[in-house]
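Coordinates as given in protein.csv (CSV, C-alpha atoms (C1' of nucleotides) and all ligand atoms):
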chain,number,residue,atom,x,y,z
P,202,MET,CA,-18.1,-42.8,17.2
P,203,SER,CA,-17.3,-40.0,19.5
P,204,GLU,CA,-16.6,-41.3,23.0
P,205,GLU,CA,-14.9,-38.0,23.8
P,206,HIS,CA,-15.9,-35.6,26.5
P,207,HIS,CA,-18.6,-33.4,25.3
P,208,PRO,CA,-21.4,-31.4,26.8
P,209,HIS,CA,-24.3,-33.6,25.8
P,210,SER,CA,-22.5,-36.7,26.9
P,211,GLY,CA,-24.5,-39.9,26.8
P,212,HIS,CA,-26.4,-39.3,23.6
P,213,ASN,CA,-25.7,-40.8,20.3
P,214,HIS,CA,-24.1,-38.1,18.4
P,215,ASN,CA,-24.7,-39.8,15.1
P,216,ASP,CA,-28.4,-39.1,15.6
P,217,CYS,CA,-27.6,-35.4,16.0
P,218,ILE,CA,-25.7,-35.4,12.7
P,219,GLU,CA,-28.3,-37.3,10.8
P,220,ALA,CA,-31.1,-35.0,12.1
P,221,ALA,CA,-29.1,-31.9,11.3
P,222,LEU,CA,-28.4,-33.1,7.8
P,223,GLU,CA,-32.0,-34.0,7.2
P,224,THR,CA,-33.1,-30.5,8.4
P,225,ALA,CA,-30.5,-28.9,6.2
P,226,GLU,CA,-31.8,-30.8,3.1
P,227,GLN,CA,-35.3,-29.7,3.9
P,228,LEU,CA,-34.5,-26.1,4.6
P,229,CYS,CA,-32.5,-25.8,1.4
P,230,THR,CA,-35.2,-27.4,-0.7
P,231,GLU,CA,-37.8,-25.2,0.8
P,232,GLN,CA,-35.7,-22.1,0.1
P,233,GLY,CA,-34.6,-23.1,-3.4
P,234,GLN,CA,-31.0,-23.4,-2.2
P,235,ARG,CA,-28.6,-26.0,-3.4
P,236,LEU,CA,-26.9,-28.1,-0.7
P,237,THR,CA,-24.0,-29.2,-3.0
P,238,LYS,CA,-21.6,-31.9,-2.2
P,239,VAL,CA,-18.9,-29.8,-0.7
P,240,ARG,CA,-21.5,-27.8,1.4
P,241,ARG,CA,-23.1,-30.9,2.6
P,242,ARG,CA,-19.9,-32.6,3.5
P,243,ALA,CA,-18.6,-29.4,5.2
P,244,LEU,CA,-21.8,-29.3,7.4
P,245,GLU,CA,-21.3,-33.0,8.2
P,246,LEU,CA,-17.7,-32.5,9.2
P,247,ILE,CA,-18.6,-29.6,11.4
P,248,TRP,CA,-21.2,-31.7,13.1
P,249,GLU,CA,-18.8,-34.5,13.7
P,250,SER,CA,-17.2,-32.4,16.3
P,251,HIS,CA,-18.9,-30.9,19.3
P,252,ARG,CA,-16.1,-28.5,19.4
P,253,PRO,CA,-16.3,-25.6,17.0
P,254,LEU,CA,-14.1,-26.2,13.9
P,255,GLY,CA,-11.7,-23.7,12.4
P,256,ALA,CA,-12.0,-22.9,8.7
P,257,TYR,CA,-8.6,-24.4,8.0
P,258,GLN,CA,-9.2,-27.5,10.1
P,259,LEU,CA,-12.3,-28.0,8.0
P,260,LEU,CA,-10.3,-27.3,4.8
P,261,ALA,CA,-7.8,-30.0,5.8
P,262,LYS,CA,-10.5,-32.6,6.3
P,263,LEU,CA,-12.1,-31.7,3.0
P,264,ALA,CA,-8.8,-31.9,1.2
P,265,GLU,CA,-8.2,-35.4,2.6
P,266,GLU,CA,-11.4,-36.5,0.9
P,267,GLY,CA,-10.3,-35.1,-2.4
P,268,PHE,CA,-12.1,-31.8,-2.4
P,269,ASN,CA,-10.3,-28.7,-3.6
P,270,SER,CA,-8.0,-27.5,-1.0
P,271,ALA,CA,-7.9,-23.7,-1.5
P,272,PRO,CA,-9.2,-21.5,1.2
P,273,PRO,CA,-12.1,-20.0,-0.9
P,274,THR,CA,-13.6,-23.4,-1.2
P,275,VAL,CA,-14.1,-23.7,2.5
P,276,TYR,CA,-15.0,-20.1,3.1
P,277,ARG,CA,-17.7,-20.2,0.4
P,278,ALA,CA,-19.2,-23.3,2.0
P,279,LEU,CA,-19.1,-21.7,5.4
P,280,ASP,CA,-20.7,-18.5,4.1
P,281,PHE,CA,-23.4,-20.5,2.6
P,282,LEU,CA,-24.1,-22.5,5.7
P,283,LEU,CA,-24.0,-19.3,7.9
P,284,ALA,CA,-26.4,-17.6,5.6
P,285,ALA,CA,-28.7,-20.6,5.7
P,286,GLY,CA,-28.6,-20.6,9.5
P,287,LEU,CA,-27.2,-24.1,9.5
P,288,ILE,CA,-24.1,-23.2,11.4
P,289,HIS,CA,-23.0,-20.4,13.8
P,290,LYS,CA,-19.6,-18.7,14.0
P,291,VAL,CA,-18.1,-18.4,17.4
P,292,GLU,CA,-16.4,-15.0,17.1
P,293,SER,CA,-14.1,-15.4,20.1
P,294,MET,CA,-12.7,-18.6,18.6
P,295,ASN,CA,-12.8,-17.9,14.9
P,296,ALA,CA,-14.5,-21.3,14.6
P,297,PHE,CA,-17.8,-22.7,13.4
P,298,LEU,CA,-20.4,-24.9,15.1
P,299,GLY,CA,-23.5,-26.8,13.8
P,300,CYS,CA,-26.8,-25.4,14.9
P,301,ALA,CA,-29.3,-27.8,16.2
P,302,HIS,CA,-32.2,-25.4,15.8
P,303,ALA,CA,-31.7,-24.3,12.2
P,304,ASP,CA,-35.4,-24.5,11.6
P,305,LYS,CA,-36.2,-21.9,14.2
P,306,VAL,CA,-35.2,-18.3,13.8
P,307,HIS,CA,-32.9,-17.5,16.7
P,308,LYS,CA,-29.7,-16.0,17.8
P,309,GLY,CA,-26.8,-18.2,18.9
P,310,TYR,CA,-25.9,-17.8,22.5
P,311,PHE,CA,-22.9,-19.9,23.6
P,312,LEU,CA,-21.3,-21.4,26.7
P,313,ILE,CA,-17.7,-22.1,26.0
P,314,CYS,CA,-15.6,-24.2,28.4
P,315,ASP,CA,-12.1,-22.7,28.8
P,316,GLU,CA,-10.8,-26.2,29.8
P,317,CYS,CA,-12.2,-28.7,27.3
P,318,HIS,CA,-13.3,-26.1,24.6
P,319,ASN,CA,-16.6,-27.7,24.2
P,320,VAL,CA,-19.4,-25.3,23.3
P,321,MET,CA,-23.1,-25.5,24.3
P,322,GLU,CA,-25.7,-23.4,22.5
P,323,PHE,CA,-28.4,-22.0,24.7
P,324,ASP,CA,-31.4,-20.0,23.9
P,325,TYR,CA,-33.1,-17.8,26.5
P,326,GLN,CA,-35.9,-15.6,25.3
P,327,ASP,CA,-35.9,-13.5,28.4
P,328,ILE,CA,-32.3,-12.4,27.8
P,329,HIS,CA,-33.0,-11.7,24.2
P,330,ALA,CA,-36.0,-9.6,25.2
P,331,SER,CA,-33.9,-7.7,27.7
P,332,LEU,CA,-31.2,-6.9,25.1
P,333,ILE,CA,-33.8,-5.6,22.6
P,334,ALA,CA,-35.3,-3.5,25.3
P,335,ARG,CA,-32.0,-2.1,26.5
P,336,ALA,CA,-30.9,-1.3,23.0
P,337,ALA,CA,-34.2,0.4,22.3
P,338,GLU,CA,-33.6,2.6,25.3
P,339,GLN,CA,-30.6,4.0,23.5
P,340,ASP,CA,-32.7,4.3,20.3
P,341,PHE,CA,-30.5,1.5,18.9
P,342,GLU,CA,-32.1,-0.9,16.4
P,343,LEU,CA,-30.8,-4.3,17.2
P,344,ARG,CA,-29.9,-6.6,14.3
P,345,SER,CA,-27.5,-9.3,15.5
P,346,GLU,CA,-26.2,-10.5,18.8
P,347,THR,CA,-22.9,-12.1,19.7
P,348,ILE,CA,-23.3,-13.7,23.1
P,349,GLU,CA,-20.3,-15.9,24.0
P,350,LEU,CA,-19.8,-16.8,27.6
P,351,THR,CA,-16.7,-18.7,28.8
P,352,GLY,CA,-15.9,-20.5,32.0
P,353,LEU,CA,-15.9,-24.0,33.4
P,354,CYS,CA,-18.4,-26.6,32.3
P,355,SER,CA,-19.9,-29.0,34.7
P,356,ALA,CA,-17.6,-31.9,33.8
P,357,CYS,CA,-14.4,-29.8,34.0
P,358,LYS,CA,-15.4,-28.3,37.3
P,359,ALA,CA,-15.9,-31.8,38.7
P,360,ALA,CA,-12.6,-33.0,37.3
P,361,GLY,CA,-10.8,-30.0,38.7
P,362,ALA,CA,-12.3,-30.4,42.1
P,363,SER,CA,-11.3,-34.0,42.4
P,364,ALA,CA,-7.8,-33.4,41.0
X,59,MET,CA,-21.9,4.1,31.7
X,60,SER,CA,-23.4,4.7,28.3
X,61,GLU,CA,-22.7,8.0,26.6
X,62,GLU,CA,-19.0,8.2,26.6
X,63,HIS,CA,-18.3,6.3,23.5
X,64,HIS,CA,-21.1,7.7,21.5
X,65,PRO,CA,-20.1,9.3,18.2
X,66,HIS,CA,-22.7,12.0,18.0
X,67,SER,CA,-23.0,13.1,21.6
X,68,GLY,CA,-21.2,16.4,21.0
X,69,HIS,CA,-18.9,16.0,24.0
X,70,ASN,CA,-15.3,17.2,24.2
X,71,HIS,CA,-13.4,14.0,23.5
X,72,ASN,CA,-10.2,15.4,24.7
X,73,ASP,CA,-11.6,15.3,28.1
X,74,CYS,CA,-12.4,11.6,27.7
X,75,ILE,CA,-8.8,11.0,26.7
X,76,GLU,CA,-7.3,13.0,29.4
X,77,ALA,CA,-9.5,11.3,32.0
X,78,ALA,CA,-8.7,7.9,30.7
X,79,LEU,CA,-5.0,8.5,30.7
X,80,GLU,CA,-5.1,9.8,34.3
X,81,THR,CA,-7.1,6.8,35.4
X,82,ALA,CA,-4.6,4.5,33.7
X,83,GLU,CA,-1.6,6.1,35.4
X,84,GLN,CA,-3.4,5.7,38.8
X,85,LEU,CA,-4.4,2.1,38.3
X,86,CYS,CA,-0.9,1.1,37.1
X,87,THR,CA,0.8,2.8,40.0
X,88,GLU,CA,-1.6,1.2,42.5
X,89,GLN,CA,-1.0,-2.2,41.0
X,90,GLY,CA,2.8,-1.8,40.6
X,91,GLN,CA,2.5,-2.0,36.8
X,92,ARG,CA,4.5,0.2,34.4
X,93,LEU,CA,2.7,2.3,31.9
X,94,THR,CA,5.7,2.6,29.6
X,95,LYS,CA,6.0,5.1,26.7
X,96,VAL,CA,4.7,2.7,24.1
X,97,ARG,CA,1.9,1.4,26.3
X,98,ARG,CA,0.8,4.9,27.2
X,99,ARG,CA,0.9,6.1,23.6
X,100,ALA,CA,-1.0,3.1,22.4
X,101,LEU,CA,-3.7,3.8,24.9
X,102,GLU,CA,-3.9,7.4,23.9
X,103,LEU,CA,-4.1,6.5,20.2
X,104,ILE,CA,-6.8,4.0,20.8
X,105,TRP,CA,-8.7,6.7,22.7
X,106,GLU,CA,-8.2,9.2,19.9
X,107,SER,CA,-10.7,7.2,17.8
X,108,HIS,CA,-14.3,6.7,18.8
X,109,ARG,CA,-14.2,3.6,16.6
X,110,PRO,CA,-12.4,0.5,17.7
X,111,LEU,CA,-8.9,0.4,16.3
X,112,GLY,CA,-7.3,-2.6,14.7
X,113,ALA,CA,-3.9,-3.8,15.9
X,114,TYR,CA,-2.2,-3.0,12.6
X,115,GLN,CA,-3.9,0.4,12.4
X,116,LEU,CA,-2.4,1.1,15.8
X,117,LEU,CA,0.9,-0.3,14.7
X,118,ALA,CA,1.0,2.1,11.7
X,119,LYS,CA,0.3,5.1,13.9
X,120,LEU,CA,3.0,4.1,16.4
X,121,ALA,CA,5.4,3.5,13.5
X,122,GLU,CA,4.8,7.1,12.2
X,123,GLU,CA,5.9,8.3,15.6
X,124,GLY,CA,9.1,6.4,15.6
X,125,PHE,CA,8.2,3.5,17.7
X,126,ASN,CA,9.3,0.0,16.6
X,127,SER,CA,7.0,-1.2,13.9
X,128,ALA,CA,7.0,-4.9,14.3
X,129,PRO,CA,3.7,-6.6,15.2
X,130,PRO,CA,4.9,-7.9,18.6
X,131,THR,CA,5.3,-4.3,19.8
X,132,VAL,CA,1.7,-3.5,19.4
X,133,TYR,CA,0.4,-6.9,20.5
X,134,ARG,CA,2.4,-6.6,23.7
X,135,ALA,CA,1.0,-3.2,24.4
X,136,LEU,CA,-2.5,-4.4,23.7
X,137,ASP,CA,-2.0,-7.5,25.9
X,138,PHE,CA,-0.9,-5.2,28.7
X,139,LEU,CA,-3.7,-2.8,28.3
X,140,LEU,CA,-6.3,-5.6,28.1
X,141,ALA,CA,-4.9,-7.3,31.2
X,142,ALA,CA,-5.0,-4.0,33.1
X,143,GLY,CA,-8.6,-3.6,32.0
X,144,LEU,CA,-7.8,-0.3,30.3
X,145,ILE,CA,-9.1,-1.4,26.9
X,146,HIS,CA,-11.6,-4.0,25.6
X,147,LYS,CA,-11.3,-6.2,22.5
X,148,VAL,CA,-14.3,-6.3,20.2
X,149,GLU,CA,-14.1,-9.9,19.1
X,150,SER,CA,-16.5,-9.5,16.1
X,151,MET,CA,-14.3,-6.7,14.7
X,152,ASN,CA,-10.8,-7.8,15.8
X,153,ALA,CA,-10.4,-4.3,17.2
X,154,PHE,CA,-9.7,-2.5,20.4
X,155,LEU,CA,-11.6,0.2,22.3
X,156,GLY,CA,-10.7,2.3,25.3
X,157,CYS,CA,-12.7,1.6,28.4
X,158,ALA,CA,-14.1,4.6,30.2
X,159,HIS,CA,-14.7,2.6,33.4
X,160,ALA,CA,-11.4,0.9,33.9
X,161,ASP,CA,-11.6,1.6,37.6
X,162,LYS,CA,-14.7,-0.5,38.0
X,163,VAL,CA,-14.6,-4.3,37.6
X,164,HIS,CA,-17.0,-5.0,34.8
X,165,LYS,CA,-17.7,-6.8,31.6
X,166,GLY,CA,-17.7,-4.9,28.3
X,167,TYR,CA,-21.1,-5.1,26.6
X,168,PHE,CA,-21.2,-3.3,23.3
X,169,LEU,CA,-23.6,-1.8,20.8
X,170,ILE,CA,-21.9,-1.7,17.4
X,171,CYS,CA,-23.4,0.3,14.5
X,172,ASP,CA,-23.3,-1.5,11.2
X,173,GLU,CA,-23.4,1.8,9.4
X,174,CYS,CA,-21.0,4.1,11.1
X,175,HIS,CA,-19.0,1.4,13.0
X,176,ASN,CA,-19.1,3.4,16.1
X,177,VAL,CA,-19.2,1.4,19.3
X,178,MET,CA,-21.0,2.2,22.6
X,179,GLU,CA,-20.2,0.4,25.7
X,180,PHE,CA,-23.1,-0.3,28.0
X,181,ASP,CA,-23.4,-2.1,31.3
X,182,TYR,CA,-26.6,-3.6,32.6
X,183,GLN,CA,-26.4,-5.4,35.8
X,184,ASP,CA,-29.7,-7.2,35.3
X,185,ILE,CA,-28.5,-8.8,32.1
X,186,HIS,CA,-25.3,-9.8,33.8
X,187,ALA,CA,-27.2,-11.3,36.6
X,188,SER,CA,-29.5,-13.2,34.2
X,189,LEU,CA,-26.5,-14.6,32.4
X,190,ILE,CA,-24.8,-15.8,35.6
X,191,ALA,CA,-28.1,-17.4,36.7
X,192,ARG,CA,-28.7,-19.1,33.4
X,193,ALA,CA,-25.1,-20.5,33.3
X,194,ALA,CA,-25.5,-21.7,36.8
X,195,GLU,CA,-28.6,-23.7,35.8
X,196,GLN,CA,-26.3,-25.7,33.5
X,197,ASP,CA,-23.8,-26.0,36.3
X,198,PHE,CA,-21.5,-23.8,34.3
X,199,GLU,CA,-19.2,-21.4,36.1
X,200,LEU,CA,-19.1,-18.2,34.3
X,201,ARG,CA,-15.8,-16.4,33.8
X,202,SER,CA,-16.0,-14.0,30.9
X,203,GLU,CA,-18.7,-12.6,28.7
X,204,THR,CA,-18.5,-11.5,25.1
X,205,ILE,CA,-21.6,-9.4,24.5
X,206,GLU,CA,-21.6,-7.6,21.1
X,207,LEU,CA,-24.8,-6.3,19.6
X,208,THR,CA,-24.9,-4.9,16.2
X,209,GLY,CA,-27.6,-2.8,14.4
X,210,LEU,CA,-28.3,0.8,13.6
X,211,CYS,CA,-27.5,3.6,16.0
X,212,SER,CA,-29.8,6.4,16.6
X,213,ALA,CA,-28.0,8.9,14.3
X,214,CYS,CA,-27.7,6.4,11.4
X,215,LYS,CA,-31.4,5.4,11.8
X,216,ALA,CA,-32.3,9.1,11.5
X,217,ALA,CA,-30.0,9.7,8.6
X,218,GLY,CA,-31.3,6.6,6.8
X,219,ALA,CA,-34.9,7.7,7.3
X,220,SER,CA,-34.4,11.2,6.0
X,221,ALA,CA,-32.2,10.0,3.0
R,36,DT,C1',-29.4,-25.8,-28.0
R,37,DT,C1',-28.5,-21.4,-26.4
R,38,DT,C1',-28.5,-18.4,-22.7
R,39,DC,C1',-28.3,-17.1,-18.1
R,40,DT,C1',-27.1,-17.9,-13.4
R,41,DT,C1',-24.8,-20.2,-9.8
R,42,DT,C1',-21.1,-22.7,-8.2
R,43,DT,C1',-16.4,-24.1,-8.2
R,44,DG,C1',-11.2,-23.7,-9.5
R,45,DT,C1',-7.1,-21.1,-9.2
R,46,DT,C1',-3.7,-17.8,-8.0
R,47,DA,C1',-2.6,-14.2,-5.4
R,48,DT,C1',-2.8,-11.3,-1.6
R,49,DA,C1',-4.6,-9.0,2.6
R,50,DG,C1',-5.3,-9.1,7.5
R,51,DT,C1',-4.6,-10.9,12.3
R,52,DA,C1',-1.6,-13.0,15.8
R,53,DT,C1',2.2,-15.6,18.0
R,54,DA,C1',6.9,-18.2,18.7
R,55,DA,C1',11.5,-17.8,19.8
R,56,DC,C1',15.5,-15.8,21.1
R,57,DA,C1',18.5,-11.7,21.7
R,58,DA,C1',19.3,-7.2,23.7
R,59,DG,C1',18.3,-3.5,26.7
R,60,DA,C1',16.3,-1.1,30.8
R,61,DA,C1',14.7,-1.0,35.5
R,62,DT,C1',14.4,-3.0,40.0
R,63,DT,C1',16.3,-5.5,43.7
R,64,DA,C1',19.9,-7.7,46.5
R,65,DA,C1',24.3,-8.0,47.9
G,202,DT,C1',28.2,0.3,43.6
G,203,DT,C1',28.0,-3.7,41.5
G,204,DA,C1',25.9,-7.9,40.5
G,205,DA,C1',21.9,-10.5,39.9
G,206,DT,C1',17.2,-10.6,38.7
G,207,DT,C1',13.1,-9.3,36.4
G,208,DC,C1',10.6,-6.9,33.2
G,209,DT,C1',10.4,-4.9,28.8
G,210,DT,C1',11.6,-4.2,24.0
G,211,DG,C1',13.9,-5.5,19.4
G,212,DT,C1',14.1,-8.6,15.7
G,213,DT,C1',13.2,-12.3,12.6
G,214,DA,C1',10.4,-15.6,11.2
G,215,DT,C1',6.2,-17.9,10.8
G,216,DA,C1',1.3,-19.4,11.7
G,217,DC,C1',-3.3,-18.5,11.3
G,218,DT,C1',-7.6,-16.2,9.3
G,219,DA,C1',-10.0,-14.3,5.4
G,220,DT,C1',-10.9,-12.1,0.8
G,221,DA,C1',-10.1,-10.3,-4.2
G,222,DA,C1',-10.3,-11.2,-8.9
G,223,DC,C1',-10.9,-13.7,-12.8
G,224,DA,C1',-11.4,-18.2,-15.3
G,225,DA,C1',-13.8,-22.5,-15.9
G,226,DA,C1',-17.5,-25.6,-15.2
G,227,DA,C1',-22.0,-27.1,-13.9
G,228,DG,C1',-26.9,-26.5,-13.4
G,229,DA,C1',-31.3,-24.2,-14.5
G,230,DA,C1',-34.2,-21.7,-17.7
G,231,DA,C1',-35.5,-20.2,-22.1
P,401,ZN,ZN,-28.4,-22.2,16.8
P,402,ZN,ZN,-15.2,-28.5,30.0
P,403,ZN,ZN,-15.4,-1.1,29.8
P,404,ZN,ZN,-24.3,4.7,13.3

Any chance you could give the structure as structure tokens?
Amino acid sequence: MSEEHHPHSGHNHNDCIEAALETAEQLCTEQGQRLTKVRRRALELIWESHRPLGAYQLLAKLAEEGFNSAPPTVYRALDFLLAAGLIHKVESMNAFLGCAHADKVHKGYFLICDECHNVMEFDYQDIHASLIARAAEQDFELRSETIELTGLCSACKAAGASA
Amino acid sequence: MSEEHHPHSGHNHNDCIEAALETAEQLCTEQGQRLTKVRRRALELIWESHRPLGAYQLLAKLAEEGFNSAPPTVYRALDFLLAAGLIHKVESMNAFLGCAHADKVHKGYFLICDECHNVMEFDYQDIHASLIARAAEQDFELRSETIELTGLCSACKAAGASA
DNA sequence: TTTCTTTTGTTATAGTATAACAAGAATTAA
DNA sequence: TTAATTCTTGTTATACTATAACAAAAGAAA
């Protein structure tokens, strides 16, 4: 599948999807959560794009496959997947992205390309630590972090330079 | 750059508003931009709340005062104020906040209280530098940063503890 | 089986944002 | 000053994002 331009170009994305789904099954089993058909398929569809997927884009894909096509269906699935840590929401895009590290507790930090709209998740403990420390200086107890950086990815920079 | 937006700092907020409006006038004049009636009043209304204001909340306030009450009116004003750096958008709240440092080029980093919904802007050069460096490691050219941290503010932590 | 809980179906509505084109106001050029 | 230009606002319509509320069905537990 996917020959399209994406940040981890060169890898076999099917492996990503398979691994993610397997992790999801495991985590849900461990936590006594049910990865139902629609939840599982939603996760799979989100993973099939490296780009974050909007709720209604996802809804359309699910509808094509015969799932119920009312908004609550997809938002419920998304809520479940978010709560389980299997996906992240990119706030600045109102879109959702599979998480490749669902088995580790972490915050989603993102690099978003303005040009190709691909999103890369990154995880830097030093920045996380700095943020906690800075918040603590204000006597602020940190709970969640939305870290979304936009700009030009490597590939788009190269493409722009040669254009 | 950190106390101005704080809900419980006991300052005279009218001074904030006045200062912000004066800065806005100056910046617009310098840059040959027009701070029209509706733009100016929108900025003032945003400043009159410590909490970020939603577009439609703002629209309602403007409508009360006889301004045109169709959505484009408020979104145009917001677009102008954003472009001029006079306000920030808090992505995770779909809401807008006056910037107390519009005269300095900077990114808006926010501490958002889950309890009282007040927002504090903070600015830490070291975190900014780290983010640029980390992005550069991925050959990613950083353009914008959305940094929104949620949790419990000092006052709400205290209130919760004593409750 | 019966009961309880979780999940899904369904309809309606709330909330956020932009497109497209017309009209008006301000600036500039002639 | 008038005409041309540019910027701003008015107006209508629509697209996009998300949730409320209640009914029905499915799954787990008793
Ligand atoms: Zn992740
Ligand atoms: Zn790119
Ligand atoms: Zn600011
Ligand atoms: Zn608070």

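Of the residues under consideration (P:Ala303, P:Ala360, P:Leu343, P:Val275), P:Leu343 shows the shortest atom-to-atom contact distance to ligand ZN 404 (chain P) when counting all atoms listed in the file.
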
Could you list, as a compact mmCIF listing (two decimals) with C-alpha atoms, keeping the file's coordinate frame, all residues that come within 7 Å of ligand ZN 402 (chain P)? Count all atoms listed in the file.
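Generated output (pocket_9.txt):
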# COMPACT_ATOMS: atom_id res chain seq x y z
CA CYS P 314 -15.60 -24.20 28.40
CA ASP P 315 -12.10 -22.70 28.80
CA GLU P 316 -10.80 -26.20 29.80
CA CYS P 317 -12.20 -28.70 27.30
CA HIS P 318 -13.30 -26.10 24.60
CA ASN P 319 -16.60 -27.70 24.20
CA LEU P 353 -15.90 -24.00 33.40
CA CYS P 354 -18.40 -26.60 32.30
CA SER P 355 -19.90 -29.00 34.70
CA ALA P 356 -17.60 -31.90 33.80
CA CYS P 357 -14.40 -29.80 34.00

(Q) If the cut-off is 12 Å, can you tell me the residues of chain R near chain P, counting all atoms listed in the file? I'd like them as a VMD selection string. (A) chain R and resid 41 to 47 51

Select from chain X every residue with an atom at most 7 Å from any atom of chain P, then for each give the shortest pair of atoms and their distance in Å to one decimal, using all atoms listed in the file, rows by chain and rising number, as JSON lines.
{"residue": "X:Glu149", "atom": "CA", "partner": "P:Ser293", "partner_atom": "CA", "distance": 5.6}
{"residue": "X:Ser150", "atom": "CA", "partner": "P:Glu292", "partner_atom": "CA", "distance": 5.6}
{"residue": "X:Ile185", "atom": "CA", "partner": "P:Ile328", "partner_atom": "CA", "distance": 6.8}
{"residue": "X:Asp197", "atom": "CA", "partner": "P:Ser355", "partner_atom": "CA", "distance": 5.2}
{"residue": "X:Phe198", "atom": "CA", "partner": "P:Cys354", "partner_atom": "CA", "distance": 4.6}
{"residue": "X:Glu199", "atom": "CA", "partner": "P:Leu353", "partner_atom": "CA", "distance": 5.0}
{"residue": "X:Leu200", "atom": "CA", "partner": "P:Gly352", "partner_atom": "CA", "distance": 4.6}
{"residue": "X:Arg201", "atom": "CA", "partner": "P:Gly352", "partner_atom": "CA", "distance": 4.5}
{"residue": "X:Ser202", "atom": "CA", "partner": "P:Thr351", "partner_atom": "CA", "distance": 5.2}
{"residue": "X:Glu203", "atom": "CA", "partner": "P:Leu350", "partner_atom": "CA", "distance": 4.5}
{"residue": "X:Thr204", "atom": "CA", "partner": "P:Glu349", "partner_atom": "CA", "distance": 4.9}
{"residue": "X:Ile205", "atom": "CA", "partner": "P:Ile348", "partner_atom": "CA", "distance": 4.8}
{"residue": "X:Glu206", "atom": "CA", "partner": "P:Thr347", "partner_atom": "CA", "distance": 4.9}
{"residue": "X:Leu207", "atom": "CA", "partner": "P:Glu346", "partner_atom": "CA", "distance": 4.5}
{"residue": "X:Thr208", "atom": "CA", "partner": "P:Ser345", "partner_atom": "CA", "distance": 5.2}
{"residue": "X:Gly209", "atom": "CA", "partner": "P:Arg344", "partner_atom": "CA", "distance": 4.4}
{"residue": "X:Leu210", "atom": "CA", "partner": "P:Glu342", "partner_atom": "CA", "distance": 5.0}
{"residue": "X:Cys211", "atom": "CA", "partner": "P:Phe341", "partner_atom": "CA", "distance": 4.7}
{"residue": "X:Ser212", "atom": "CA", "partner": "P:Asp340", "partner_atom": "CA", "distance": 5.1}

Convert the current residue selection to file output with C-alpha atoms, as a PDB file, in the frame of the given file.
ATOM      1  CA  GLU X 149     -14.100  -9.900  19.100  1.00  0.00           C
ATOM      2  CA  SER X 150     -16.500  -9.500  16.100  1.00  0.00           C
ATOM      3  CA  ILE X 185     -28.500  -8.800  32.100  1.00  0.00           C
ATOM      4  CA  ASP X 197     -23.800 -26.000  36.300  1.00  0.00           C
ATOM      5  CA  PHE X 198     -21.500 -23.800  34.300  1.00  0.00           C
ATOM      6  CA  GLU X 199     -19.200 -21.400  36.100  1.00  0.00           C
ATOM      7  CA  LEU X 200     -19.100 -18.200  34.300  1.00  0.00           C
ATOM      8  CA  ARG X 201     -15.800 -16.400  33.800  1.00  0.00           C
ATOM      9  CA  SER X 202     -16.000 -14.000  30.900  1.00  0.00           C
ATOM     10  CA  GLU X 203     -18.700 -12.600  28.700  1.00  0.00           C
ATOM     11  CA  THR X 204     -18.500 -11.500  25.100  1.00  0.00           C
ATOM     12  CA  ILE X 205     -21.600  -9.400  24.500  1.00  0.00           C
ATOM     13  CA  GLU X 206     -21.600  -7.600  21.100  1.00  0.00           C
ATOM     14  CA  LEU X 207     -24.800  -6.300  19.600  1.00  0.00           C
ATOM     15  CA  THR X 208     -24.900  -4.900  16.200  1.00  0.00           C
ATOM     16  CA  GLY X 209     -27.600  -2.800  14.400  1.00  0.00           C
ATOM     17  CA  LEU X 210     -28.300   0.800  13.600  1.00  0.00           C
ATOM     18  CA  CYS X 211     -27.500   3.600  16.000  1.00  0.00           C
ATOM     19  CA  SER X 212     -29.800   6.400  16.600  1.00  0.00           C
TER      20      SER X 212
END

Q | chain G contacts on chain P, only C-alpha atoms (C1' of nucleotides), 10 Å, as number ranges by chain | A | P: 255-257, 272-273, 276, 295

Q) chain X least-squares fit onto chain P, all C-alpha atoms in order: RMSD in Å? A) 3.0 Å

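Using only C-alpha atoms (C1' of nucleotides) and all ligand atoms as the basis for the distance check, residues found within 7 Å of ligand ZN 401 (chain P) are Ile288, His289, Cys300, Ala301, His302, Ala303, His307, Lys308, Gly309 and Glu322 of chain P.
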
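Taking CA of Leu254 (chain P) and CA of Leu279 (chain P) as the two end points, the separation is 10.8 Å.
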
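In terms of minimum interatomic distance to ligand ZN 404 (chain P), X:His108 ranks closest within X:Ala78, X:His108, X:Cys86, X:Asp161, counting all atoms listed in the file.
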
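The two atoms in question, CA of Ala284 (chain P) and CA of Arg109 (chain X), are spaced 26.8 Å apart.
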
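Take the candidates X:Leu85, X:Ala216, X:Val163, X:Cys74 and check each one against ligand ZN 403 (chain P) using only C-alpha atoms and all ligand atoms; the shortest distance goes to X:Val163.
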
Q: For Pro253 (chain P), work out the shell of residues within 8 Å, counting only C-alpha atoms (C1' of nucleotides) and skipping chain neighbours fewer than 6 positions away, then give it as a PyMOL selection string.
A: chain P and resi 247+291+296-299+319-320

(Q) Would you compute the distance between CA of Leu103 (chain X) and C1' of DA57 (chain R)? Give it in Å to one decimal. (A) 29.1 Å

Take region 202-211 of chain G from the block and save it with C-alpha atoms (C1' of nucleotides), as an mmCIF file, in the first residue's frame.
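Produced file selection-v9.cif, reproduced below:
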data_model
loop_
_atom_site.group_PDB
_atom_site.id
_atom_site.type_symbol
_atom_site.label_atom_id
_atom_site.label_comp_id
_atom_site.auth_asym_id
_atom_site.auth_seq_id
_atom_site.Cartn_x
_atom_site.Cartn_y
_atom_site.Cartn_z
ATOM 1 C "C1'" DT G 202 -12.096 67.114 -7.129
ATOM 2 C "C1'" DT G 203 -13.040 63.237 -9.260
ATOM 3 C "C1'" DA G 204 -11.964 58.703 -10.526
ATOM 4 C "C1'" DA G 205 -9.663 54.564 -9.633
ATOM 5 C "C1'" DT G 206 -8.012 51.474 -6.360
ATOM 6 C "C1'" DT G 207 -7.756 49.078 -2.140
ATOM 7 C "C1'" DC G 208 -9.378 47.755 2.152
ATOM 8 C "C1'" DT G 209 -13.141 46.807 5.097
ATOM 9 C "C1'" DT G 210 -17.742 45.486 6.211
ATOM 10 C "C1'" DG G 211 -22.566 43.483 5.179
#
